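> Have a peek at query.txt (compact mmCIF, C-alpha atoms).
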```txt
# COMPACT_ATOMS: atom_id res chain seq x y z
CA MET A 328 0.00 0.00 0.00
CA ALA A 329 1.06 3.57 -0.66
CA THR A 330 -0.05 7.02 0.37
CA ILE A 331 -0.73 9.81 -2.07
CA THR A 332 -1.46 13.36 -0.98
CA PRO A 333 -3.53 15.39 -3.43
CA LYS A 334 -4.07 19.08 -2.75
CA LEU A 335 -6.28 21.54 -4.58
CA THR A 336 -6.36 25.30 -4.31
CA VAL A 337 -8.81 27.50 -6.18
CA THR A 338 -8.38 31.22 -5.80
CA GLY A 339 -9.91 34.41 -7.14
CA THR A 340 -9.65 38.07 -6.24
CA ALA A 341 -12.20 40.13 -4.36
CA ALA A 342 -12.17 42.56 -7.29
CA ASP A 343 -13.48 39.83 -9.57
CA TRP A 344 -15.71 37.96 -7.15
CA GLY A 345 -16.98 40.44 -4.56
CA ALA A 346 -15.14 38.47 -1.91
CA ALA A 347 -11.96 36.52 -2.38
CA VAL A 348 -12.34 32.91 -3.48
CA ALA A 349 -10.00 30.70 -1.47
CA ILE A 350 -10.68 26.99 -1.65
CA SER A 351 -7.92 24.87 -0.20
CA VAL A 352 -8.37 21.16 0.38
CA SER A 353 -6.06 18.19 0.71
CA ASP A 354 -6.38 14.54 1.59
CA SER A 355 -4.21 11.55 2.35
CA LEU A 356 -5.25 8.54 0.28
CA THR A 357 -4.20 4.95 0.85
CA CYS A 358 -3.83 3.30 -2.52
CA GLU A 359 -2.79 0.01 -4.04
CA ALA A 360 -2.31 -1.63 -7.42
CA PRO A 361 -3.41 -1.26 -10.10
CA ALA A 362 -1.82 2.17 -10.39
CA LYS A 363 -0.15 4.08 -13.18
CA GLY A 364 2.48 6.76 -12.70
CA LEU A 365 2.55 10.04 -14.55
CA SER A 366 2.13 9.13 -18.23
CA LYS A 367 1.59 10.84 -21.58
CA VAL A 368 -0.30 9.68 -24.63
CA ASP A 369 -1.33 11.26 -27.92
CA VAL A 370 -5.10 10.97 -28.21
CA THR A 371 -6.57 11.14 -31.69
CA THR A 372 -10.05 12.08 -32.82
CA VAL A 373 -10.57 8.58 -34.16
CA THR A 374 -10.22 6.07 -31.36
CA PRO A 375 -10.88 6.59 -27.65
CA ILE A 376 -7.98 5.79 -25.33
CA GLN A 377 -9.06 3.73 -22.36
CA LEU A 378 -7.33 5.00 -19.22
CA VAL A 379 -9.15 2.75 -16.72
CA ALA A 380 -11.19 -0.20 -17.91
CA ALA A 381 -14.66 -0.69 -16.53
CA GLY A 382 -14.40 -3.33 -13.83
CA SER A 383 -15.64 -4.14 -10.38
CA ALA A 384 -16.98 -1.69 -7.83
CA GLY A 385 -14.51 0.65 -6.17
CA THR A 386 -12.77 3.95 -6.74
CA THR A 387 -9.81 4.84 -8.89
CA PHE A 388 -8.33 8.31 -8.39
CA VAL A 389 -7.57 9.73 -11.82
CA TYR A 390 -5.54 12.80 -12.76
CA ILE A 391 -6.05 13.97 -16.36
CA LYS A 392 -4.59 17.01 -18.10
CA ASN A 393 -4.93 18.35 -21.63
CA ASN A 394 -1.26 18.98 -22.22
CA ASN A 395 -1.73 21.03 -25.39
CA THR A 396 -1.00 24.74 -25.04
CA THR A 397 -2.28 25.96 -28.39
CA GLY A 398 -4.69 24.89 -31.11
CA THR A 399 -8.35 23.97 -31.23
CA GLY A 400 -8.05 20.40 -30.04
CA TYR A 401 -9.74 19.43 -26.80
CA VAL A 402 -10.36 16.18 -25.02
CA ASP A 403 -13.61 14.59 -23.93
CA ILE A 404 -13.72 12.66 -20.67
CA GLU A 405 -16.13 9.75 -20.86
CA THR A 406 -17.02 6.46 -19.27
CA ASP A 407 -15.51 3.30 -20.69
CA GLY A 408 -18.90 3.02 -22.42
CA SER A 409 -18.29 6.34 -24.26
CA ALA A 410 -20.79 8.48 -22.33
CA VAL A 411 -19.18 11.94 -22.36
CA TYR A 412 -19.50 14.04 -19.20
CA GLY A 413 -16.67 16.56 -19.37
CA THR A 414 -14.27 18.41 -21.65
CA LEU A 415 -10.73 19.63 -20.99
CA MET A 416 -9.44 22.58 -23.02
CA ASN A 417 -5.76 23.50 -23.43
CA GLY A 418 -3.87 23.27 -20.14
CA GLU A 419 -6.86 22.29 -18.03
CA PHE A 420 -6.76 19.41 -15.55
CA ALA A 421 -9.14 17.29 -13.51
CA TRP A 422 -8.98 15.14 -10.38
CA ILE A 423 -11.71 12.53 -10.50
CA PRO A 424 -12.40 9.71 -8.02
CA ILE A 425 -14.02 7.63 -10.73
CA ASP A 426 -16.33 4.71 -10.11
CA THR A 427 -14.16 1.83 -11.29
CA ALA A 428 -17.28 -0.01 -12.41
CA VAL A 429 -17.71 2.47 -15.30
CA GLY A 430 -14.01 3.22 -15.95
CA VAL A 431 -12.79 6.22 -17.90
CA GLU A 432 -11.56 6.92 -21.42
CA VAL A 433 -10.64 10.02 -23.43
CA THR A 434 -11.23 11.07 -27.01
CA ALA A 435 -9.81 14.11 -28.78
CA VAL A 436 -12.00 16.53 -30.72
CA ASN A 437 -10.83 18.76 -33.63
CA ALA A 438 -7.18 17.68 -33.41
CA THR A 439 -4.84 15.26 -31.70
CA VAL A 440 -4.29 16.13 -28.03
CA GLU A 441 -1.40 15.15 -25.80
CA VAL A 442 -2.95 13.89 -22.56
CA GLU A 443 -1.04 13.59 -19.30
CA TYR A 444 -2.59 11.21 -16.81
CA ALA A 445 -2.05 8.99 -13.81
CA TYR A 446 -4.24 6.85 -11.59
CA TRP A 447 -4.23 5.01 -8.28
CA SER A 448 -6.73 2.50 -6.89
CA ARG A 449 -8.19 3.20 -3.49
CA THR A 450 -7.39 0.47 -0.99
CA ALA A 451 -10.61 -1.38 -0.28
CA MET B 997 -15.84 37.75 -16.52
CA ALA B 998 -13.59 36.70 -13.68
CA THR B 999 -10.38 34.74 -13.32
CA LEU B 1000 -10.13 31.64 -11.22
CA THR B 1001 -6.72 30.10 -10.57
CA SER B 1002 -6.86 26.36 -10.06
CA LYS B 1003 -3.80 24.54 -8.75
CA ILE B 1004 -3.21 20.89 -7.98
CA THR B 1005 -0.30 19.19 -6.27
CA LEU B 1006 0.17 15.43 -6.00
CA THR B 1007 2.89 14.08 -3.73
CA GLY B 1008 4.11 10.68 -2.64
CA THR B 1009 7.33 9.19 -1.34
CA ALA B 1010 9.97 7.23 -3.23
CA ALA B 1011 9.54 4.45 -0.69
CA ASP B 1012 5.92 4.04 -1.75
CA PHE B 1013 6.18 4.69 -5.50
CA GLY B 1014 9.71 3.69 -6.55
CA GLN B 1015 10.46 7.33 -7.19
CA ALA B 1016 9.10 10.41 -5.50
CA LEU B 1017 5.82 11.72 -6.87
CA ALA B 1018 5.88 15.50 -7.03
CA LEU B 1019 3.45 17.07 -9.47
CA SER B 1020 2.41 20.70 -9.25
CA LEU B 1021 0.60 22.72 -11.86
CA SER B 1022 -1.85 25.56 -12.11
CA LYS B 1023 -4.29 26.86 -14.69
CA ASP B 1024 -6.16 30.14 -14.91
CA LEU B 1025 -9.81 29.71 -15.88
CA THR B 1026 -11.89 32.55 -17.30
CA VAL B 1027 -15.25 32.25 -15.61
CA GLU B 1028 -18.60 33.90 -16.27
CA LYS B 1029 -22.03 33.90 -14.69
CA PRO B 1030 -23.75 31.84 -13.48
CA TRP B 1031 -21.47 30.60 -10.75
CA THR B 1032 -22.13 29.17 -7.31
CA GLY B 1033 -19.57 29.82 -4.59
CA VAL B 1034 -18.67 27.21 -2.03
CA SER B 1035 -21.97 25.90 -0.72
CA LYS B 1036 -23.16 23.10 1.52
CA ILE B 1037 -25.82 20.51 0.75
CA ASN B 1038 -27.26 17.64 2.77
CA VAL B 1039 -27.43 14.93 0.13
CA LEU B 1040 -30.37 12.55 0.42
CA ASN B 1041 -30.32 8.84 -0.31
CA ASP B 1042 -32.37 8.85 -3.51
CA ASP B 1043 -31.57 7.31 -6.89
CA ASP B 1044 -33.68 9.56 -9.08
CA ALA B 1045 -33.59 13.07 -10.51
CA ASP B 1046 -37.27 13.65 -9.79
CA GLY B 1047 -39.33 13.61 -6.59
CA THR B 1048 -37.23 13.97 -3.45
CA GLY B 1049 -34.11 13.22 -5.51
CA ALA B 1050 -34.47 16.60 -7.22
CA ALA B 1051 -33.05 18.16 -4.06
CA ASN B 1052 -29.73 16.46 -4.87
CA ILE B 1053 -29.27 18.24 -8.21
CA ILE B 1054 -26.25 20.56 -8.23
CA VAL B 1055 -26.17 21.31 -11.97
CA ASP B 1056 -29.69 21.30 -13.35
CA ASP B 1057 -29.33 22.68 -16.85
CA VAL B 1058 -26.33 21.51 -18.81
CA ASP B 1059 -26.19 24.49 -21.15
CA ALA B 1060 -22.51 25.37 -20.75
CA ARG B 1061 -19.22 23.89 -19.65
CA ARG B 1062 -18.68 24.13 -15.94
CA PHE B 1063 -15.93 23.29 -13.48
CA VAL B 1064 -17.28 21.50 -10.43
CA TYR B 1065 -15.76 21.12 -6.97
CA ILE B 1066 -17.25 18.53 -4.61
CA LYS B 1067 -16.09 17.40 -1.16
CA HIS B 1068 -17.47 14.70 1.16
CA ASN B 1069 -17.51 16.32 4.61
CA GLY B 1070 -17.79 13.07 6.59
CA VAL B 1071 -20.91 14.01 8.52
CA ASP B 1072 -24.64 13.62 7.98
CA SER B 1073 -27.34 16.29 8.09
CA ALA B 1074 -27.31 16.18 11.90
CA GLY B 1075 -23.53 16.50 12.14
CA ALA B 1076 -22.93 12.87 13.11
CA THR B 1077 -19.89 11.13 11.63
CA VAL B 1078 -20.63 8.90 8.65
CA THR B 1079 -18.54 6.52 6.56
CA THR B 1080 -21.02 6.05 3.75
CA ASP B 1081 -20.24 6.77 0.10
CA LEU B 1082 -21.05 10.01 -1.73
CA ILE B 1083 -22.07 9.13 -5.27
CA VAL B 1084 -21.93 11.44 -8.30
CA LYS B 1085 -24.30 10.72 -11.17
CA ASN B 1086 -24.66 11.99 -14.70
CA PHE B 1087 -28.27 12.17 -15.92
CA GLU B 1088 -28.94 12.49 -19.62
CA GLY B 1089 -32.72 12.78 -19.76
CA GLU B 1090 -33.75 9.92 -17.53
CA ALA B 1091 -35.30 11.72 -14.56
CA ALA B 1092 -37.21 8.70 -13.30
CA ALA B 1093 -34.32 6.29 -13.86
CA ASP B 1094 -31.02 6.04 -12.04
CA GLY B 1095 -28.59 7.95 -14.27
CA THR B 1096 -24.98 6.83 -14.65
CA GLN B 1097 -22.87 6.61 -11.52
CA ILE B 1098 -19.53 8.17 -12.50
CA MET B 1099 -17.75 8.86 -9.19
CA VAL B 1100 -17.60 7.54 -5.63
CA LEU B 1101 -16.15 9.64 -2.77
CA LYS B 1102 -15.45 8.58 0.80
CA THR B 1103 -15.01 10.82 3.83
CA GLY B 1104 -12.72 13.78 3.18
CA GLU B 1105 -12.28 13.03 -0.50
CA TRP B 1106 -12.82 15.69 -3.15
CA ALA B 1107 -13.18 16.05 -6.91
CA PHE B 1108 -12.48 18.90 -9.31
CA PHE B 1109 -13.56 18.33 -12.89
CA PRO B 1110 -15.18 19.86 -15.97
CA TYR B 1111 -18.81 18.93 -16.51
CA ASP B 1112 -20.82 19.11 -19.71
CA ASN B 1113 -22.70 16.08 -20.91
CA GLY B 1114 -23.67 17.82 -24.14
CA LYS B 1115 -27.37 17.14 -23.63
CA SER B 1116 -28.78 20.60 -22.93
CA SER B 1117 -32.25 20.04 -24.35
CA GLY B 1118 -33.98 18.70 -21.26
CA ASP B 1119 -34.28 19.81 -17.68
CA ASP B 1120 -33.43 16.33 -16.42
CA ASN B 1121 -29.96 16.55 -17.94
CA ALA B 1122 -28.13 17.11 -14.72
CA LEU B 1123 -25.29 16.37 -12.34
CA ILE B 1124 -26.77 14.80 -9.26
CA LEU B 1125 -25.44 13.59 -5.92
CA ASP B 1126 -26.63 10.50 -4.04
CA THR B 1127 -25.51 8.48 -1.02
CA SER B 1128 -25.00 4.79 -0.39
CA ALA B 1129 -27.16 5.23 2.75
CA GLY B 1130 -28.58 8.03 4.87
CA THR B 1131 -27.60 11.64 4.35
CA ILE B 1132 -24.16 13.13 3.72
CA ASN B 1133 -23.18 16.76 4.12
CA CYS B 1134 -20.91 17.94 1.34
CA ASP B 1135 -19.37 21.11 -0.07
CA PHE B 1136 -19.72 22.05 -3.70
CA ALA B 1137 -19.02 24.94 -6.03
CA ILE B 1138 -19.89 25.45 -9.70
CA PHE B 1139 -18.03 27.75 -12.11
CA THR B 1140 -19.20 28.36 -15.68
CA VAL B 1141 -16.21 28.51 -17.99
CA ALA B 1142 -16.28 31.20 -20.68
CA SER B 1143 -16.27 29.69 -24.13
```
Hey, can you dump this file as structure tokens for me?

Amino acid sequence: MATITPKLTVTGTAADWGAAVAISVSDSLTCEAPAKGLSKVDVTTVTPIQLVAAGSAGTTFVYIKNNNTTGTGYVDIETDGSAVYGTLMNGEFAWIPIDTAVGVEVTAVNATVEVEYAYWSRTA
Amino acid sequence: MATLTSKITLTGTAADFGQALALSLSKDLTVEKPWTGVSKINVLNDDDADGTGAANIIVDDVDARRFVYIKHNGVDSAGATVTTDLIVKNFEGEAAADGTQIMVLKTGEWAFFPYDNGKSSGDDNALILDTSAGTINCDFAIFTVAS
């Protein structure tokens, strides 16, 4: 077993928001195999890339980033069954405790997108 | 228009991972109305998007891309500690059915992700929370990303 510490901060100025936005949250997660370290893959508009296959019940913590910095390509986040529920534009990232039963895959739209990703399985 | 700076760090030790995990990155998001600042909701144990389950809807009209923050606070509506699962569901026009369960969070866990299921034509296209049992108090925030 291994411990991963994810931390998120989301900030905005009082000038923009009326009052400053200051979300800060972290956690300490006990994880086990299967896991995949920080990886990169070119995702095309043709074939979805399966990051985590749909399997048994549980949670897999997934980090996904659209690693492109320019261009019109973006990446759809979808279940292993191709139901799209989110889109990452250039440079955007997500932290998703996905339901392992539905898995996760990505497909590029408009152009090939370099996707950076990693995942860790929560210890049952 | 407003700017939101999102930053994530992921850390782990070399002893655990073979080499140290040390990822840190940030991204500025240009955000527009509507947005919902950090809010609290007592999520009910209900499978559906209609009836009492409608109270669990946090995004009820999928007409634009949004970034969503959700956190399981580890207590129920009365403040008692719970260990039950917080479930996140994507509904695509099936208000009386169960939607698709896409995430599962335990106590203290959080998610930050873009949401847009591309099905804006019905009011039961929604992002909905549910519990494995009883109620769960959670934090959430919704930010509409400028296109």
> Can you tell me how far atom CA of Gly1070 of chain B sits from atom CA of Leu1021 of chain B, in Å to one decimal?
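We find that atom CA of Gly1070 of chain B and atom CA of Leu1021 of chain B lie 27.8 Å from each other.
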> Residues of chain A within 9 Å of chain B, counting only C-alpha atoms, what are they? List them as a PyMOL selection string.
chain A and resi 328-340+342-344+348+350+352-356+364-365+385-387+404+406+410-415+418-431
> Atom CA of Gly382 of chain A to atom CA of Val1039 of chain B: how many Å, to one decimal?
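Rounded to one decimal, the two atoms are 26.4 Å apart.
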> Find the distance between atom CA of Ala1045 of chain B and atom CA of Ser383 of chain A and write it in Å to one decimal.
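Those two atoms sit 24.9 Å apart.
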> Could you give me, as a count of residues only, the residues that have an atom at most 9 Å away from the point (-14.8, 18.4, -32.3) in the coordinates of the file, using only C-alpha atoms?
9
> For segment 1036-1050 of chain B, take all atoms listed in the file, fit an axis-aligned box around them, add 5 Å to each of the six sides, then output centre and edge lengths in Å rounded to one decimal, as JSON.

```
{"center_x": -31.2, "center_y": 15.2, "center_z": -3.9, "size_x": 26.2, "size_y": 25.8, "size_z": 23.3}
```
> Nearest to Phe1139 of chain B: which of B:Val1071, B:Val1078, B:Ile1066, B:Ala1051 is it, counting all atoms listed in the file?
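For Phe1139 of chain B, the nearest of the candidates is B:Ile1066.
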> Report as a ChimeraX atom specification all protein, DNA and RNA residues lying within 6 Å of Val442 of chain A, evaluated on all atoms listed in the file, omitting residues in the same chain fewer than 2 positions from it.
/A:367-368,392-394
> Using only C-alpha atoms for the distances, tell me which of B:Gly1095, B:Ala1122, B:Asn1069, B:Thr1080 is nearest to Asn1038 of chain B.
B:Asn1069
